[in-house]
Amino acid sequence: MLNHDQYQCPECESMFAAWGHQVLAFSQRVGQAVLLNTRALMMMPLMFGKRIRGEVAHQMFLTGIKSLPVLTVVALFTGMIFALQTGLVLEDYGQEAEVGGGVTIVMLREMGPFMTALIIAASVGSSIAAQLGTMTVSEEISALEIMSINPVRFLVMPRLVALLTMMPLLTLYTNVLAVAGGAIIARSQLGVELQAYLDTAVGIARNKDLYSGLLKATCFGYIINMVACYQGLYTKGGAVGVGVATRSTVVISFLVILITGFILTKVFYG
Amino acid sequence: MSSKKRRNDVTTEIVVGAFMFTILMVLLTLTVVISQNKIWQQAYFMEAVFPDIGGLKEGETVFFRGVRIGNVNEIRVDDESLGVRVKLRLTRPVTLYPDYRLTVEPASMLGGMRLDIAEGSPQLPPIADEDYMNLEGEPVADLLGEATETIQLIRKGLVEDGTLDNIKALTANLRSISDDIQQGRGTIGKLIQEDTLHSEAVTLVQELQQSADDFRKVAENVRTISDRLVQGHGTLGKLLSEDPELYNDLTKTMEEIRAASADARKVMARLEAGEGSLGRLLSPDDQVYEDLQATVASLRKFSTDLEAQQGTIGKLITDDEIYGKVNDLLDEARATLDDFRETSPITTFSSIFFGAF
């Protein structure tokens, strides 16, 4: 069952005391979000249950398949923009043939997972927050609890499984399309033959780049689910609260993804 | 659960499953492609110890004769040899000879390193198989150090050896020359600044055009001649044409020349055989020559005697007195003949008359 008791910040005359209480309240919210997601993670073996399996597949469909159109456009143009910018600079040094390597490395290591995470956070994360927030404010969550249906198992875990599964797959999809977009620009704008582009792209990339990016994407999926489900399940204040939860999900997800991305890059390549 | 919802669930599961399967296949393919290892291709390994690898990393490419044939598989610091042991994974076997070279070089201007294998001289026997796991690599070239040294040498040459002063003087001279040219001084200056040479050039061009016209006429004449030759006009044309008459004439002439040559050969044979007067004269027998020489000697003696006024004829030729006497004798003889001519009828008549008696 969800603990809806929130840390109440007392009236403090001292500024430092107020800050301290704010820190405590923040810590409690972070702890609630982490515990919520951890419980969902612990329940993942149950995803093959007869009732849950359909919901998991549905969430995977919503997260993965429904996101493909927007991801296709974003990935293609990200690769094209990056190839054009780096290619124009490399052209000054007569090294435009190396543009394939640049696009591939950047997409595999950083931009692929990052762009995918931003798109999924903005589309799927906000959708989760809005859906769960609406259920919360309309007391559907309470109704589930009254019926002894665990909302974490029924609502959070399928979404977590969907995001953890789909994020690396979508990231790989983004990477492939971005490299293809870069190839289009390299051929049409920079005069680099496709074979030369692919040679440099494959020649410079390493499996570590590929798998570190996919691992990063999995972490981002976990973060998106954690933020979105927490914001949705702890929504207060009716329809306005749902709006606030949705906006907070996008903003917080972006910030946490950025910070986590930096930390992971430092871990892998620092 | 309604059958419609169940069908939707099945459709969703199929779509999600197909998507996951596709992406996982792409992931598998990318993993194989990026690792640049063909799964079923045989790999060949060799190891080399370098004193310094200059930042070479695992996975970087190995080139042989400029062709990528593998990757750096493993790098580890070797305390035993105080170097770095590099294990290479190659896609094809490489035969090395004792003067082989393994060098680490920059892969591009943007960075990165690559390992180059130079096989050595094939005239030498190849190295032993066990040596392929203990090759010796060359230290990385210190490009920055070499560049610094080169710059120092250039600076020394420019400053200390006076090259810079020479360049300054040269520059000043060039500036002076360019000023002269700009002001129209000198041949080149006049060439650039004045119109006279331009006019002369125009005239020259006109003359060249005239020459070209002449040449064109010559060419036309040549073309006319060649046309005539082609058409078989004139002697040369007939010679070149397929008209058999001239050919027959020439053949006949040649036969006559050949007959004359045969006759000449016969004459020469007779001469060589010493037949006839000329043959005897030319023959190796010296008798004729000696006779001729004796005759010439007698003639020379005769002429010498004549010149020395020896003998009757010599004195007759050179002595004026004898000439006078002879002249007188001739005059008297002529007078005697005149007298005889005048008295001959009487004498004749007397002879006839007295003869009858």
# chains A, B, ... in the order shown; residues from 1 in each chain; ligands from 1
>>> closest_atom_pairs(of="chain A", to="chain B", cutoff="10 Å", atoms="only C-alpha atoms", output="CSV")
residue,atom,partner,partner_atom,distance
A:Arg53,CA,B:Glu13,CA,9.2
A:Gly54,CA,B:Asp9,CA,6.2
A:Glu55,CA,B:Asp9,CA,8.6
A:Val56,CA,B:Glu13,CA,9.1
A:Ala57,CA,B:Glu13,CA,5.5
A:His58,CA,B:Thr12,CA,6.3
A:Gln59,CA,B:Thr12,CA,9.5
A:Met60,CA,B:Val16,CA,6.6
A:Phe61,CA,B:Val16,CA,5.8
A:Leu62,CA,B:Thr12,CA,9.4
A:Thr63,CA,B:Val16,CA,9.9
A:Gly64,CA,B:Val16,CA,7.6
A:Ile65,CA,B:Val16,CA,7.1
A:Leu90,CA,B:Leu110,CA,9.4
A:Tyr93,CA,B:Met109,CA,8.7
A:Gly94,CA,B:Met109,CA,9.7
A:Gln95,CA,B:Met109,CA,8.3
A:Glu98,CA,B:Leu110,CA,9.1
A:Thr165,CA,B:Met20,CA,8.7
A:Met166,CA,B:Met20,CA,8.1
A:Pro168,CA,B:Ile23,CA,9.3
A:Leu169,CA,B:Ile23,CA,6.0
A:Leu170,CA,B:Ile23,CA,8.2
A:Thr171,CA,B:Ile23,CA,9.8
A:Leu172,CA,B:Leu27,CA,7.2
A:Tyr173,CA,B:Ile23,CA,7.0
A:Val176,CA,B:Val26,CA,8.8
A:Ala201,CA,B:Ile34,CA,8.9
A:Val202,CA,B:Ile34,CA,5.5
A:Gly203,CA,B:Ile34,CA,7.2
A:Ile204,CA,B:Glu60,CA,8.3
A:Ala205,CA,B:Ile34,CA,6.1
A:Arg206,CA,B:Ile34,CA,5.7
A:Asn207,CA,B:Thr31,CA,6.1
A:Lys208,CA,B:Ser35,CA,9.6
A:Asp209,CA,B:Ile34,CA,9.6
A:Leu210,CA,B:Thr31,CA,7.8
A:Tyr211,CA,B:Thr31,CA,8.9
>>> write_last_selection(atoms="C-alpha atoms", output="mmCIF file, in the first residue's frame")
data_model
loop_
_atom_site.group_PDB
_atom_site.id
_atom_site.type_symbol
_atom_site.label_atom_id
_atom_site.label_comp_id
_atom_site.auth_asym_id
_atom_site.auth_seq_id
_atom_site.Cartn_x
_atom_site.Cartn_y
_atom_site.Cartn_z
ATOM 1 C CA ARG A 53 0.980 -10.120 -18.949
ATOM 2 C CA GLY A 54 -1.576 -8.393 -21.124
ATOM 3 C CA GLU A 55 -1.052 -5.113 -19.322
ATOM 4 C CA VAL A 56 2.712 -5.393 -19.727
ATOM 5 C CA ALA A 57 2.334 -6.027 -23.448
ATOM 6 C CA HIS A 58 -0.060 -3.091 -23.696
ATOM 7 C CA GLN A 59 2.371 -0.772 -21.936
ATOM 8 C CA MET A 60 5.187 -2.001 -24.159
ATOM 9 C CA PHE A 61 3.025 -1.236 -27.164
ATOM 10 C CA LEU A 62 2.264 2.257 -25.896
ATOM 11 C CA THR A 63 5.853 2.972 -24.938
ATOM 12 C CA GLY A 64 7.583 1.360 -27.885
ATOM 13 C CA ILE A 65 5.419 1.105 -30.960
ATOM 14 C CA LEU A 90 35.839 18.666 -40.826
ATOM 15 C CA TYR A 93 40.602 20.258 -42.673
ATOM 16 C CA GLY A 94 39.873 17.935 -45.592
ATOM 17 C CA GLN A 95 38.644 15.280 -43.190
ATOM 18 C CA GLU A 98 35.532 11.008 -40.970
ATOM 19 C CA THR A 165 12.597 -3.112 -22.014
ATOM 20 C CA MET A 166 11.733 -0.538 -24.609
ATOM 21 C CA PRO A 168 17.325 0.316 -24.988
ATOM 22 C CA LEU A 169 15.454 -0.988 -28.019
ATOM 23 C CA LEU A 170 14.219 2.472 -28.950
ATOM 24 C CA THR A 171 17.687 3.849 -28.362
ATOM 25 C CA LEU A 172 19.159 1.330 -30.776
ATOM 26 C CA TYR A 173 16.451 2.259 -33.266
ATOM 27 C CA VAL A 176 20.531 3.321 -36.502
ATOM 28 C CA ALA A 201 31.392 4.617 -38.793
ATOM 29 C CA VAL A 202 32.085 0.960 -38.137
ATOM 30 C CA GLY A 203 35.825 1.411 -37.873
ATOM 31 C CA ILE A 204 35.745 3.903 -35.063
ATOM 32 C CA ALA A 205 32.879 2.441 -33.002
ATOM 33 C CA ARG A 206 33.434 -0.125 -30.293
ATOM 34 C CA ASN A 207 31.020 -2.500 -28.614
ATOM 35 C CA LYS A 208 31.660 -0.639 -25.403
ATOM 36 C CA ASP A 209 30.180 2.480 -27.001
ATOM 37 C CA LEU A 210 27.112 0.555 -28.109
ATOM 38 C CA TYR A 211 26.423 -1.237 -24.846
#
>>> residues_around(residues="A:Lys236", least_positions_apart="6", cutoff="9 Å", atoms="only C-alpha atoms", output="PyMOL selection string")
chain A and resi 133+136-137+242+245
>>> residues_around(residues="A:Val192", least_positions_apart="5", cutoff="8 Å", atoms="only C-alpha atoms", output="ChimeraX atom specification")
/A:96-97,186-187,197
>>> residues_around(residues="B:Gly137", least_positions_apart="4", cutoff="9 Å", atoms="only C-alpha atoms", output="short mmCIF file (atom, residue, chain, number, x, y, z; two decimals) with N, CA and C atoms, in the first residue's frame")
data_model
loop_
_atom_site.label_atom_id
_atom_site.label_comp_id
_atom_site.auth_asym_id
_atom_site.auth_seq_id
_atom_site.Cartn_x
_atom_site.Cartn_y
_atom_site.Cartn_z
N ALA B 48 53.89 -8.71 -30.21
CA ALA B 48 55.10 -7.90 -30.37
C ALA B 48 55.32 -7.08 -29.11
N VAL B 49 56.56 -6.85 -28.80
CA VAL B 49 56.92 -6.02 -27.65
C VAL B 49 57.45 -4.69 -28.16
N PHE B 50 56.80 -3.62 -27.70
CA PHE B 50 57.21 -2.27 -28.09
C PHE B 50 57.81 -1.57 -26.86
N PRO B 51 58.84 -0.76 -27.06
CA PRO B 51 59.32 0.05 -25.93
C PRO B 51 58.29 1.10 -25.52
N ASP B 52 57.47 1.55 -26.48
CA ASP B 52 56.47 2.58 -26.21
C ASP B 52 55.43 2.48 -27.32
N ILE B 53 54.15 2.50 -26.97
CA ILE B 53 53.13 2.36 -28.02
C ILE B 53 52.44 3.68 -28.33
N ARG B 101 59.37 -4.78 -39.97
CA ARG B 101 59.22 -3.60 -39.11
C ARG B 101 57.78 -3.53 -38.62
N LEU B 102 57.62 -3.32 -37.33
CA LEU B 102 56.29 -3.07 -36.74
C LEU B 102 56.33 -1.67 -36.16
N THR B 103 55.50 -0.78 -36.69
CA THR B 103 55.54 0.62 -36.26
C THR B 103 54.16 1.08 -35.86
N VAL B 104 54.12 1.94 -34.86
CA VAL B 104 52.87 2.58 -34.43
C VAL B 104 52.89 3.99 -34.97
#
>>> residues_around(residues="A:Gln8", least_positions_apart="2", cutoff="12 Å", atoms="only C-alpha atoms", output="number ranges by chain")
A: 4-6, 10-12, 18, 21-26, 28-29
>>> write_last_selection(atoms="N, CA and C atoms", output="PDB file, in the first residue's frame")
ATOM      1  N   HIS A   4       0.791   7.801   1.933  1.00  0.00           N
ATOM      2  CA  HIS A   4       0.490   9.148   1.454  1.00  0.00           C
ATOM      3  C   HIS A   4       0.804  10.205   2.496  1.00  0.00           C
ATOM      4  N   ASP A   5       1.350   9.765   3.627  1.00  0.00           N
ATOM      5  CA  ASP A   5       1.689  10.756   4.664  1.00  0.00           C
ATOM      6  C   ASP A   5       2.925  11.530   4.229  1.00  0.00           C
ATOM      7  N   GLN A   6       2.758  12.823   4.144  1.00  0.00           N
ATOM      8  CA  GLN A   6       3.855  13.674   3.712  1.00  0.00           C
ATOM      9  C   GLN A   6       4.467  14.384   4.907  1.00  0.00           C
ATOM     10  N   PRO A  10       7.300  22.267   9.696  1.00  0.00           N
ATOM     11  CA  PRO A  10       6.738  23.136  10.737  1.00  0.00           C
ATOM     12  C   PRO A  10       7.080  24.595  10.478  1.00  0.00           C
ATOM     13  N   GLU A  11       6.361  25.433  11.185  1.00  0.00           N
ATOM     14  CA  GLU A  11       6.645  26.867  11.098  1.00  0.00           C
ATOM     15  C   GLU A  11       7.983  27.125  11.768  1.00  0.00           C
ATOM     16  N   CYS A  12       8.944  27.569  11.060  1.00  0.00           N
ATOM     17  CA  CYS A  12      10.280  27.780  11.631  1.00  0.00           C
ATOM     18  C   CYS A  12      10.627  29.252  11.530  1.00  0.00           C
ATOM     19  N   ALA A  18      14.305  26.182   8.465  1.00  0.00           N
ATOM     20  CA  ALA A  18      13.366  25.988   7.339  1.00  0.00           C
ATOM     21  C   ALA A  18      14.043  25.214   6.210  1.00  0.00           C
ATOM     22  N   HIS A  21      14.275  21.567   7.145  1.00  0.00           N
ATOM     23  CA  HIS A  21      13.003  20.857   6.984  1.00  0.00           C
ATOM     24  C   HIS A  21      12.688  20.627   5.511  1.00  0.00           C
ATOM     25  N   GLN A  22      13.064  21.596   4.653  1.00  0.00           N
ATOM     26  CA  GLN A  22      12.867  21.417   3.205  1.00  0.00           C
ATOM     27  C   GLN A  22      13.687  20.237   2.693  1.00  0.00           C
ATOM     28  N   VAL A  23      14.896  20.128   3.222  1.00  0.00           N
ATOM     29  CA  VAL A  23      15.773  19.017   2.819  1.00  0.00           C
ATOM     30  C   VAL A  23      15.150  17.694   3.242  1.00  0.00           C
ATOM     31  N   LEU A  24      14.598  17.691   4.446  1.00  0.00           N
ATOM     32  CA  LEU A  24      13.966  16.471   4.922  1.00  0.00           C
ATOM     33  C   LEU A  24      12.772  16.101   4.061  1.00  0.00           C
ATOM     34  N   ALA A  25      11.962  17.108   3.713  1.00  0.00           N
ATOM     35  CA  ALA A  25      10.795  16.848   2.867  1.00  0.00           C
ATOM     36  C   ALA A  25      11.223  16.338   1.497  1.00  0.00           C
ATOM     37  N   PHE A  26      12.264  16.960   0.957  1.00  0.00           N
ATOM     38  CA  PHE A  26      12.780  16.527  -0.355  1.00  0.00           C
ATOM     39  C   PHE A  26      13.283  15.085  -0.287  1.00  0.00           C
ATOM     40  N   GLN A  28      12.351  12.810   1.741  1.00  0.00           N
ATOM     41  CA  GLN A  28      11.234  11.880   1.852  1.00  0.00           C
ATOM     42  C   GLN A  28      10.607  11.603   0.495  1.00  0.00           C
ATOM     43  N   ARG A  29      10.501  12.650  -0.323  1.00  0.00           N
ATOM     44  CA  ARG A  29       9.893  12.462  -1.643  1.00  0.00           C
ATOM     45  C   ARG A  29      10.778  11.578  -2.520  1.00  0.00           C
TER      46      ARG A  29
END
